[in-house]
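Here's protein_9.cif, which has mmCIF, C-alpha atoms:
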data_upload
#
loop_
_atom_site.group_PDB
_atom_site.id
_atom_site.type_symbol
_atom_site.label_atom_id
_atom_site.label_comp_id
_atom_site.auth_asym_id
_atom_site.auth_seq_id
_atom_site.Cartn_x
_atom_site.Cartn_y
_atom_site.Cartn_z
ATOM 1 C CA MET O 1 -53.690 124.760 119.150
ATOM 2 C CA SER O 2 -53.686 123.040 115.770
ATOM 3 C CA GLU O 3 -52.131 119.611 115.466
ATOM 4 C CA ASN O 4 -49.127 120.829 113.557
ATOM 5 C CA SER O 5 -48.056 123.400 116.120
ATOM 6 C CA LEU O 6 -44.458 123.459 117.306
ATOM 7 C CA HIS O 7 -43.909 122.763 120.977
ATOM 8 C CA TYR O 8 -40.972 123.720 123.210
ATOM 9 C CA HIS O 9 -40.442 122.968 126.884
ATOM 10 C CA TYR O 10 -38.085 124.757 129.292
ATOM 11 C CA VAL O 11 -37.212 124.298 132.940
ATOM 12 C CA VAL O 12 -36.466 127.555 134.743
ATOM 13 C CA PRO O 13 -34.084 127.148 137.697
ATOM 14 C CA GLY O 14 -35.022 129.038 140.845
ATOM 15 C CA ASP O 15 -33.086 131.847 142.479
ATOM 16 C CA ASP O 16 -30.446 132.044 139.741
ATOM 17 C CA PHE O 17 -30.522 135.518 138.264
ATOM 18 C CA THR O 18 -27.601 134.892 135.974
ATOM 19 C CA ARG O 19 -29.671 132.328 134.094
ATOM 20 C CA ALA O 20 -32.931 134.251 134.015
ATOM 21 C CA GLY O 21 -33.900 134.940 130.436
ATOM 22 C CA ILE O 22 -32.421 131.793 128.935
ATOM 23 C CA ALA O 23 -35.794 130.296 127.997
ATOM 24 C CA SER O 24 -37.087 133.616 126.639
ATOM 25 C CA SER O 25 -33.908 134.125 124.598
ATOM 26 C CA ALA O 26 -34.196 130.622 123.140
ATOM 27 C CA VAL O 27 -37.836 131.231 122.184
ATOM 28 C CA LYS O 28 -36.906 134.579 120.639
ATOM 29 C CA LYS O 29 -34.244 132.910 118.523
ATOM 30 C CA THR O 30 -36.708 130.269 117.304
ATOM 31 C CA LEU O 31 -39.353 132.876 116.421
ATOM 32 C CA LYS O 32 -36.794 134.883 114.474
ATOM 33 C CA GLN O 33 -35.716 131.777 112.587
ATOM 34 C CA LEU O 34 -39.339 131.085 111.708
ATOM 35 C CA GLY O 35 -39.437 134.501 110.066
ATOM 36 C CA ILE O 36 -42.110 135.878 112.389
ATOM 37 C CA TYR O 37 -42.747 139.640 112.176
ATOM 38 C CA PRO O 38 -40.196 141.458 114.445
ATOM 39 C CA GLU O 39 -42.777 143.350 116.528
ATOM 40 C CA THR O 40 -44.562 140.052 117.286
ATOM 41 C CA VAL O 41 -41.238 138.517 118.319
ATOM 42 C CA ARG O 42 -40.544 141.507 120.548
ATOM 43 C CA LYS O 43 -43.963 141.337 122.200
ATOM 44 C CA LEU O 44 -43.662 137.671 123.067
ATOM 45 C CA SER O 45 -39.998 138.057 124.147
ATOM 46 C CA ILE O 46 -40.813 140.866 126.579
ATOM 47 C CA SER O 47 -43.896 139.258 128.102
ATOM 48 C CA LEU O 48 -42.248 135.856 128.404
ATOM 49 C CA PHE O 49 -39.105 137.290 129.985
ATOM 50 C CA GLU O 50 -41.166 139.121 132.602
ATOM 51 C CA GLY O 51 -42.881 135.838 133.410
ATOM 52 C CA GLU O 52 -39.594 133.995 133.568
ATOM 53 C CA ILE O 53 -38.096 136.598 135.910
ATOM 54 C CA ASN O 54 -41.179 136.413 138.130
ATOM 55 C CA MET O 55 -40.691 132.652 138.413
ATOM 56 C CA VAL O 56 -37.079 133.142 139.502
ATOM 57 C CA ILE O 57 -37.858 135.964 141.938
ATOM 58 C CA HIS O 58 -41.001 134.637 143.556
ATOM 59 C CA ALA O 59 -41.470 130.935 142.903
ATOM 60 C CA ASP O 60 -38.045 129.253 142.986
ATOM 61 C CA GLY O 61 -38.330 128.499 139.270
ATOM 62 C CA GLY O 62 -40.870 126.571 137.277
ATOM 63 C CA GLU O 63 -41.618 125.255 133.821
ATOM 64 C CA ILE O 64 -42.465 126.936 130.546
ATOM 65 C CA ASP O 65 -44.236 125.432 127.563
ATOM 66 C CA VAL O 66 -44.506 127.287 124.278
ATOM 67 C CA TRP O 67 -46.690 126.344 121.309
ATOM 68 C CA ILE O 68 -46.421 128.080 117.984
ATOM 69 C CA ASP O 69 -48.816 127.668 115.070
ATOM 70 C CA ASP O 70 -49.743 129.802 112.049
ATOM 71 C CA GLU O 71 -51.974 132.121 114.019
ATOM 72 C CA LYS O 72 -50.618 132.538 117.481
ATOM 73 C CA ILE O 73 -47.957 131.838 120.070
ATOM 74 C CA VAL O 74 -49.158 130.419 123.373
ATOM 75 C CA ALA O 75 -46.840 130.335 126.391
ATOM 76 C CA GLU O 76 -47.788 128.572 129.610
ATOM 77 C CA LEU O 77 -45.728 129.300 132.720
ATOM 78 C CA VAL O 78 -46.360 127.006 135.645
ATOM 79 C CA ASP O 79 -44.776 127.268 139.090
ATOM 80 C CA LYS O 80 -45.250 125.856 142.549
ATOM 81 C CA GLY O 81 -44.516 129.148 144.266
ATOM 82 C CA PRO O 82 -46.445 130.981 146.979
ATOM 83 C CA GLY O 83 -49.194 132.134 144.608
ATOM 84 C CA ILE O 84 -50.494 135.669 144.136
ATOM 85 C CA GLU O 85 -52.643 136.854 146.998
ATOM 86 C CA ASN O 86 -54.294 139.772 145.250
ATOM 87 C CA ILE O 87 -54.062 139.664 141.451
ATOM 88 C CA GLU O 88 -55.750 143.035 141.025
ATOM 89 C CA LEU O 89 -53.085 144.650 143.208
ATOM 90 C CA ALA O 90 -50.285 142.743 141.460
ATOM 91 C CA MET O 91 -51.521 144.095 138.122
ATOM 92 C CA GLN O 92 -50.969 147.676 139.291
ATOM 93 C CA GLU O 93 -47.818 149.393 138.052
ATOM 94 C CA GLY O 94 -45.363 149.890 140.901
ATOM 95 C CA TRP O 95 -46.771 147.199 143.180
ATOM 96 C CA SER O 96 -44.075 144.694 144.127
ATOM 97 C CA THR O 97 -43.188 142.260 146.887
ATOM 98 C CA ALA O 98 -39.628 141.692 145.603
ATOM 99 C CA SER O 99 -36.706 141.683 148.036
ATOM 100 C CA GLU O 100 -34.063 144.400 148.361
ATOM 101 C CA GLN O 101 -31.545 142.085 146.674
ATOM 102 C CA VAL O 102 -33.818 141.741 143.650
ATOM 103 C CA ARG O 103 -34.335 145.499 143.526
ATOM 104 C CA GLY O 104 -30.581 146.004 143.621
ATOM 105 C CA LEU O 105 -30.346 144.048 140.391
ATOM 106 C CA GLY O 106 -32.741 146.429 138.685
ATOM 107 C CA PHE O 107 -35.879 144.344 139.012
ATOM 108 C CA GLY O 108 -38.822 144.479 141.371
ATOM 109 C CA ALA O 109 -40.149 147.762 140.060
ATOM 110 C CA GLY O 110 -43.642 146.363 139.966
ATOM 111 C CA MET O 111 -43.788 146.406 136.178
ATOM 112 C CA GLY O 112 -43.753 142.662 135.527
ATOM 113 C CA LEU O 113 -47.442 141.850 135.228
ATOM 114 C CA PRO O 114 -48.330 145.247 133.672
ATOM 115 C CA ASN O 115 -45.629 144.637 131.031
ATOM 116 C CA MET O 116 -46.974 141.142 130.415
ATOM 117 C CA LYS O 117 -50.437 142.583 129.837
ATOM 118 C CA LYS O 118 -49.112 145.349 127.599
ATOM 119 C CA TYR O 119 -47.067 142.986 125.446
ATOM 120 C CA SER O 120 -49.550 140.164 124.957
ATOM 121 C CA ASP O 121 -52.928 139.843 123.267
ATOM 122 C CA GLU O 122 -54.302 137.730 126.078
ATOM 123 C CA LEU O 123 -53.073 137.173 129.623
ATOM 124 C CA ILE O 124 -54.696 134.603 131.890
ATOM 125 C CA ILE O 125 -53.521 134.242 135.481
ATOM 126 C CA ASP O 126 -54.642 131.299 137.539
ATOM 127 C CA SER O 127 -53.139 131.421 141.012
ATOM 128 C CA THR O 128 -53.813 129.715 144.313
ATOM 129 C CA VAL O 129 -52.048 130.878 147.458
ATOM 130 C CA GLY O 130 -49.798 128.136 148.802
ATOM 131 C CA VAL O 131 -50.163 126.024 145.645
ATOM 132 C CA GLY O 132 -48.737 127.940 142.725
ATOM 133 C CA THR O 133 -49.426 130.021 139.676
ATOM 134 C CA LYS O 134 -50.200 129.306 136.055
ATOM 135 C CA VAL O 135 -49.816 132.162 133.612
ATOM 136 C CA THR O 136 -50.955 131.824 130.014
ATOM 137 C CA LEU O 137 -49.720 134.381 127.505
ATOM 138 C CA ILE O 138 -51.092 134.551 123.984
ATOM 139 C CA VAL O 139 -49.616 136.678 121.235
ATOM 140 C CA ASN O 140 -51.307 136.719 117.843
ATOM 141 C CA ILE O 141 -49.054 136.371 114.849
ATOM 142 C CA VAL O 142 -49.289 139.355 112.523
ATOM 143 C CA LYS O 143 -48.905 138.388 108.898
ATOM 144 C CA MET N 1 -26.441 156.045 112.056
ATOM 145 C CA LYS N 2 -24.811 152.750 112.890
ATOM 146 C CA VAL N 3 -23.707 151.958 116.435
ATOM 147 C CA LYS N 4 -20.051 151.650 115.447
ATOM 148 C CA GLU N 5 -20.102 154.983 113.600
ATOM 149 C CA LEU N 6 -21.502 156.726 116.655
ATOM 150 C CA CYS N 7 -18.952 154.998 118.865
ATOM 151 C CA GLU N 8 -16.110 156.180 116.644
ATOM 152 C CA GLU N 9 -17.418 159.747 116.396
ATOM 153 C CA LEU N 10 -17.673 160.058 120.175
ATOM 154 C CA GLY N 11 -14.478 158.224 121.013
ATOM 155 C CA TRP N 12 -16.332 155.719 123.187
ATOM 156 C CA GLU N 13 -14.993 152.238 123.782
ATOM 157 C CA LEU N 14 -16.482 149.282 121.913
ATOM 158 C CA ALA N 15 -16.495 146.663 124.686
ATOM 159 C CA ILE N 16 -18.065 143.845 122.656
ATOM 160 C CA GLY N 17 -20.059 143.324 119.455
ATOM 161 C CA ASP N 18 -19.816 144.405 115.829
ATOM 162 C CA GLY N 19 -21.828 147.632 116.210
ATOM 163 C CA ASP N 20 -23.456 146.964 112.896
ATOM 164 C CA ARG N 21 -27.013 147.824 113.847
ATOM 165 C CA GLU N 22 -28.675 151.025 112.755
ATOM 166 C CA ILE N 23 -29.996 153.247 115.587
ATOM 167 C CA THR N 24 -33.511 154.144 114.508
ATOM 168 C CA GLY N 25 -35.372 154.006 117.818
ATOM 169 C CA GLY N 26 -33.868 157.131 119.409
ATOM 170 C CA ILE N 27 -32.116 157.278 122.780
ATOM 171 C CA TYR N 28 -33.456 155.737 125.979
ATOM 172 C CA CYS N 29 -31.921 156.226 129.450
ATOM 173 C CA CYS N 30 -32.927 154.145 132.484
ATOM 174 C CA ASP N 31 -31.418 151.751 135.006
ATOM 175 C CA LEU N 32 -34.520 150.029 136.263
ATOM 176 C CA LEU N 33 -34.577 146.884 134.133
ATOM 177 C CA SER N 34 -38.300 146.199 134.552
ATOM 178 C CA LEU N 35 -39.036 149.656 133.228
ATOM 179 C CA VAL N 36 -36.560 149.356 130.374
ATOM 180 C CA MET N 37 -38.151 146.079 129.377
ATOM 181 C CA GLY N 38 -41.520 147.677 128.806
ATOM 182 C CA ARG N 39 -40.482 151.099 127.591
ATOM 183 C CA ALA N 40 -37.187 151.069 125.675
ATOM 184 C CA PRO N 41 -38.009 151.360 121.982
ATOM 185 C CA ALA N 42 -36.716 148.643 119.654
ATOM 186 C CA ASP N 43 -33.526 149.681 117.793
ATOM 187 C CA SER N 44 -32.774 152.397 120.352
ATOM 188 C CA LEU N 45 -29.503 153.431 121.944
ATOM 189 C CA TRP N 46 -29.958 152.421 125.579
ATOM 190 C CA ILE N 47 -27.788 154.200 128.126
ATOM 191 C CA THR N 48 -27.468 152.788 131.661
ATOM 192 C CA VAL N 49 -25.067 152.345 134.567
ATOM 193 C CA MET N 50 -26.162 148.743 135.140
ATOM 194 C CA GLY N 51 -23.537 146.429 133.660
ATOM 195 C CA ASN N 52 -24.793 143.041 134.829
ATOM 196 C CA VAL N 53 -25.899 139.938 132.946
ATOM 197 C CA ASN N 54 -29.564 140.862 133.307
ATOM 198 C CA THR N 55 -28.888 144.112 131.440
ATOM 199 C CA MET N 56 -27.819 142.007 128.465
ATOM 200 C CA ALA N 57 -30.887 139.773 128.705
ATOM 201 C CA VAL N 58 -33.122 142.859 128.700
ATOM 202 C CA ALA N 59 -31.248 144.365 125.720
ATOM 203 C CA THR N 60 -31.624 141.098 123.823
ATOM 204 C CA LEU N 61 -35.320 140.710 124.516
ATOM 205 C CA ALA N 62 -36.333 144.374 124.203
ATOM 206 C CA ASP N 63 -34.242 144.399 121.026
ATOM 207 C CA THR N 64 -32.326 147.635 121.554
ATOM 208 C CA ALA N 65 -29.633 148.458 118.985
ATOM 209 C CA CYS N 66 -26.947 148.460 121.703
ATOM 210 C CA VAL N 67 -26.197 149.139 125.356
ATOM 211 C CA VAL N 68 -24.056 152.048 126.505
ATOM 212 C CA ILE N 69 -22.510 151.676 129.947
ATOM 213 C CA ALA N 70 -22.078 155.194 131.323
ATOM 214 C CA GLU N 71 -19.650 156.450 134.001
ATOM 215 C CA ARG N 72 -17.314 153.578 133.114
ATOM 216 C CA MET N 73 -19.274 151.349 135.444
ATOM 217 C CA PRO N 74 -17.984 147.781 135.618
ATOM 218 C CA LEU N 75 -19.058 145.179 133.131
ATOM 219 C CA ASP N 76 -18.503 141.732 134.622
ATOM 220 C CA ALA N 77 -17.501 138.540 132.799
ATOM 221 C CA GLU N 78 -21.023 137.115 132.967
ATOM 222 C CA ALA N 79 -22.390 140.276 131.387
ATOM 223 C CA LEU N 80 -19.843 140.053 128.564
ATOM 224 C CA GLU N 81 -20.763 136.423 128.016
ATOM 225 C CA GLY N 82 -24.458 137.366 127.969
ATOM 226 C CA ALA N 83 -23.790 140.099 125.404
ATOM 227 C CA LYS N 84 -21.885 137.660 123.238
ATOM 228 C CA LYS N 85 -24.687 135.103 123.367
ATOM 229 C CA GLY N 86 -27.358 137.693 122.613
ATOM 230 C CA GLY N 87 -25.319 139.328 119.861
ATOM 231 C CA ILE N 88 -25.479 142.644 121.740
ATOM 232 C CA THR N 89 -23.033 145.469 121.101
ATOM 233 C CA VAL N 90 -21.896 147.136 124.324
ATOM 234 C CA LEU N 91 -20.205 150.540 124.384
ATOM 235 C CA LYS N 92 -18.488 152.161 127.336
ATOM 236 C CA THR N 93 -18.036 155.804 128.147
ATOM 237 C CA GLU N 94 -16.716 157.892 131.020
ATOM 238 C CA GLN N 95 -19.571 160.336 130.555
ATOM 239 C CA PRO N 96 -22.486 160.295 132.996
ATOM 240 C CA VAL N 97 -25.864 159.254 131.573
ATOM 241 C CA PHE N 98 -27.128 162.756 130.724
ATOM 242 C CA GLU N 99 -23.905 163.891 129.043
ATOM 243 C CA ALA N 100 -23.669 160.617 127.119
ATOM 244 C CA ALA N 101 -27.244 161.015 125.864
ATOM 245 C CA LEU N 102 -26.618 164.648 124.959
ATOM 246 C CA SER N 103 -23.492 163.873 122.957
ATOM 247 C CA ALA N 104 -25.193 160.962 121.199
ATOM 248 C CA ALA N 105 -28.226 163.131 120.396
ATOM 249 C CA THR N 106 -26.013 165.919 119.049
ATOM 250 C CA THR N 107 -23.978 163.510 116.915
ATOM 251 C CA MET N 108 -27.097 161.838 115.576
ATOM 252 C CA LYS N 109 -28.665 165.300 115.068
ATOM 253 C CA LEU N 110 -31.697 164.392 117.170
ATOM 254 C CA ASN N 111 -31.885 167.736 118.984
#
Could you write out this file's structure as structure tokens?
Amino acid sequence: MSENSLHYHYVVPGDDFTRAGIASSAVKKTLKQLGIYPETVRKLSISLFEGEINMVIHADGGEIDVWIDDEKIVAELVDKGPGIENIELAMQEGWSTASEQVRGLGFGAGMGLPNMKKYSDELIIDSTVGVGTKVTLIVNIVK
Amino acid sequence: MKVKELCEELGWELAIGDGDREITGGIYCCDLLSLVMGRAPADSLWITVMGNVNTMAVATLADTACVVIAERMPLDAEALEGAKKGGITVLKTEQPVFEAALSAATTMKLN
């Protein structure tokens, strides 16, 4: 990122579904205020929210860092959860290990990672079982 | 058509919001939030029976024009608070999802 990028940091509490989406909503608000093209805002909002929800569902929360410069938005989501055993499988639509409670809330349809891929220009997943997961989302800014 | 105009035409209840947004993204019906997130078009009229706080987060982030709660399903206090924070207009109707979508489509002359 360039030196004059904006940086935001958020802590995502674990296992609290009522608060899931707070970080993503805050980022969305900032992007709108910066006058970023609406479809770019929507892309980042959707992919970041999916990541945030995943942190709540699977990893007992985590931390999100967002950098914004003239060209792109980079979001880094880091958690100390169980890790993803098989990333290829997790990327498949419909694959989910979410609990019944989570499904009852309307999540856990196995669309999280596929949505993140669909709504970002680059998605990097670095996960180690038993250690945690780092997801990097990059959305290019359309001018 | 604006959300509030549609609401008035159909005699639905405006639960919260100013209904000032224009519906240009068509009508989308689904209750599975993960699916809605990826598939609801921006500026659409989203009809669901899920009236929880996560519904409002999804509507905010997927940028739908409003949320319609069908079958008069409950909308809890947290959900209302979430809608307020996200600036989301929420409508309520007694109609089931299909009937609600049909009446909205007819009123908006989509069919």
Excluding range 64-75 of chain O and any residue of its chain fewer than 2 positions from it, enumerate the residues within 10 Å of it, using all atoms listed in the file, and give them as a PyMOL selection string. chain O and resi 1-12+23-24+27+30-31+34+36+40-41+44+47-48+51-52+55+61-62+77-79+120-123+134-143
Could you please select, counting all atoms listed in the file, the residues of chain O within 10 Å of chain N and state them as a PyMOL selection string? chain O and resi 17-22+24-26+28-29+38-39+41-50+53+94+103-112+114-116+118-119
Residues returned when the PyMOL selection byres ((chain O and resi 59) around 7) runs on this file, as a CSV table (one decimal) with C-alpha atoms, in the frame of the given file:
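Written out: part-v8.csv:
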chain,number,residue,atom,x,y,z
O,55,MET,CA,-40.7,132.7,138.4
O,56,VAL,CA,-37.1,133.1,139.5
O,57,ILE,CA,-37.9,136.0,141.9
O,58,HIS,CA,-41.0,134.6,143.6
O,60,ASP,CA,-38.0,129.3,143.0
O,61,GLY,CA,-38.3,128.5,139.3
O,79,ASP,CA,-44.8,127.3,139.1
O,80,LYS,CA,-45.2,125.9,142.5
O,81,GLY,CA,-44.5,129.1,144.3
O,82,PRO,CA,-46.4,131.0,147.0
Please write out, as JSON, where the centre of an axis-aligned box around all listed atoms of range 76-89 of chain O lies and how long its edges are, in Å to one decimal, after adding 5 Å on each side.
{"center_x": -50.1, "center_y": 135.3, "center_z": 138.3, "size_x": 21.2, "size_y": 28.8, "size_z": 27.4}
Do you have the CA of Asn86 in chain O-CA of Val129 in chain O distance handy? 9.4 Å
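Here, the PyMOL selection byres ((chain N and resi 104-110) around 8) matches Met1, Leu6, Glu9, Leu10, Gly26, Ile27, Ala100, Ala101, Leu102, Ser103 and Asn111 of chain N.
Here CA of Phe98 in chain N stands at a distance of 26.7 Å from CA of Lys84 in chain N.
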For the PyMOL selection byres ((chain N and resi 3) around 7), applied here, can you spell out every residue it catches as a VMD selection string? chain N and resid 1 to 2 4 to 7 19 to 23
Selection export as a PDB file, keeping the file's coordinate frame, atoms kept: C-alpha atoms:
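The new file selection.pdb reads:
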ATOM      1  CA  MET N   1     -26.441 156.045 112.056  1.00  0.00           C
ATOM      2  CA  LYS N   2     -24.811 152.750 112.890  1.00  0.00           C
ATOM      3  CA  LYS N   4     -20.051 151.650 115.447  1.00  0.00           C
ATOM      4  CA  GLU N   5     -20.102 154.983 113.600  1.00  0.00           C
ATOM      5  CA  LEU N   6     -21.502 156.726 116.655  1.00  0.00           C
ATOM      6  CA  CYS N   7     -18.952 154.998 118.865  1.00  0.00           C
ATOM      7  CA  GLY N  19     -21.828 147.632 116.210  1.00  0.00           C
ATOM      8  CA  ASP N  20     -23.456 146.964 112.896  1.00  0.00           C
ATOM      9  CA  ARG N  21     -27.013 147.824 113.847  1.00  0.00           C
ATOM     10  CA  GLU N  22     -28.675 151.025 112.755  1.00  0.00           C
ATOM     11  CA  ILE N  23     -29.996 153.247 115.587  1.00  0.00           C
TER      12      ILE N  23
END
Compare N:Ala77, N:Val97, N:Ile47, N:Val68 by their minimum atom-to-atom distance to Leu14 in chain N, counting only C-alpha atoms, and give me the closest one.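 Closest to Leu14 in chain N of all the choices is N:Val68.
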Between CA of Gln95 in chain N and CA of Ala70 in chain N, what is the spacing in Å?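 Computing the Euclidean distance for CA of Ala70 in chain N and CA of Gln95 in chain N yields 5.8 Å.
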Taking 4 positions as the minimum chain separation for residues in the same chain, which residues sit within 8 Å of Val90 in chain N when counting all atoms listed in the file? Answer as a VMD selection string. chain N and resid 14 to 17 66 to 69 83
Could you rebuild range 76-88 of chain N with N, CA and C atoms and give it back as a compact mmCIF listing (two decimals), in the frame of the given file?
# COMPACT_ATOMS: atom_id res chain seq x y z
N ASP N 76 -19.15 142.97 134.18
CA ASP N 76 -18.50 141.73 134.62
C ASP N 76 -18.45 140.66 133.52
N ALA N 77 -17.73 139.60 133.79
CA ALA N 77 -17.50 138.54 132.80
C ALA N 77 -18.82 137.89 132.35
N GLU N 78 -19.72 137.70 133.30
CA GLU N 78 -21.02 137.12 132.97
C GLU N 78 -21.80 138.01 132.01
N ALA N 79 -21.69 139.32 132.25
CA ALA N 79 -22.39 140.28 131.39
C ALA N 79 -21.82 140.21 129.97
N LEU N 80 -20.49 140.14 129.88
CA LEU N 80 -19.84 140.05 128.56
C LEU N 80 -20.28 138.79 127.83
N GLU N 81 -20.34 137.71 128.59
CA GLU N 81 -20.76 136.42 128.02
C GLU N 81 -22.21 136.52 127.53
N GLY N 82 -23.05 137.17 128.33
CA GLY N 82 -24.46 137.37 127.97
C GLY N 82 -24.59 138.20 126.70
N ALA N 83 -23.76 139.23 126.58
CA ALA N 83 -23.79 140.10 125.40
C ALA N 83 -23.38 139.31 124.17
N LYS N 84 -22.38 138.48 124.34
CA LYS N 84 -21.88 137.66 123.24
C LYS N 84 -22.99 136.72 122.75
N LYS N 85 -23.62 136.06 123.71
CA LYS N 85 -24.69 135.10 123.37
C LYS N 85 -25.86 135.80 122.67
N GLY N 86 -26.21 136.98 123.16
CA GLY N 86 -27.36 137.69 122.61
C GLY N 86 -27.02 138.51 121.38
N GLY N 87 -25.74 138.53 121.02
CA GLY N 87 -25.32 139.33 119.86
C GLY N 87 -25.50 140.82 120.09
N ILE N 88 -25.28 141.24 121.36
CA ILE N 88 -25.48 142.64 121.74
C ILE N 88 -24.16 143.41 121.64
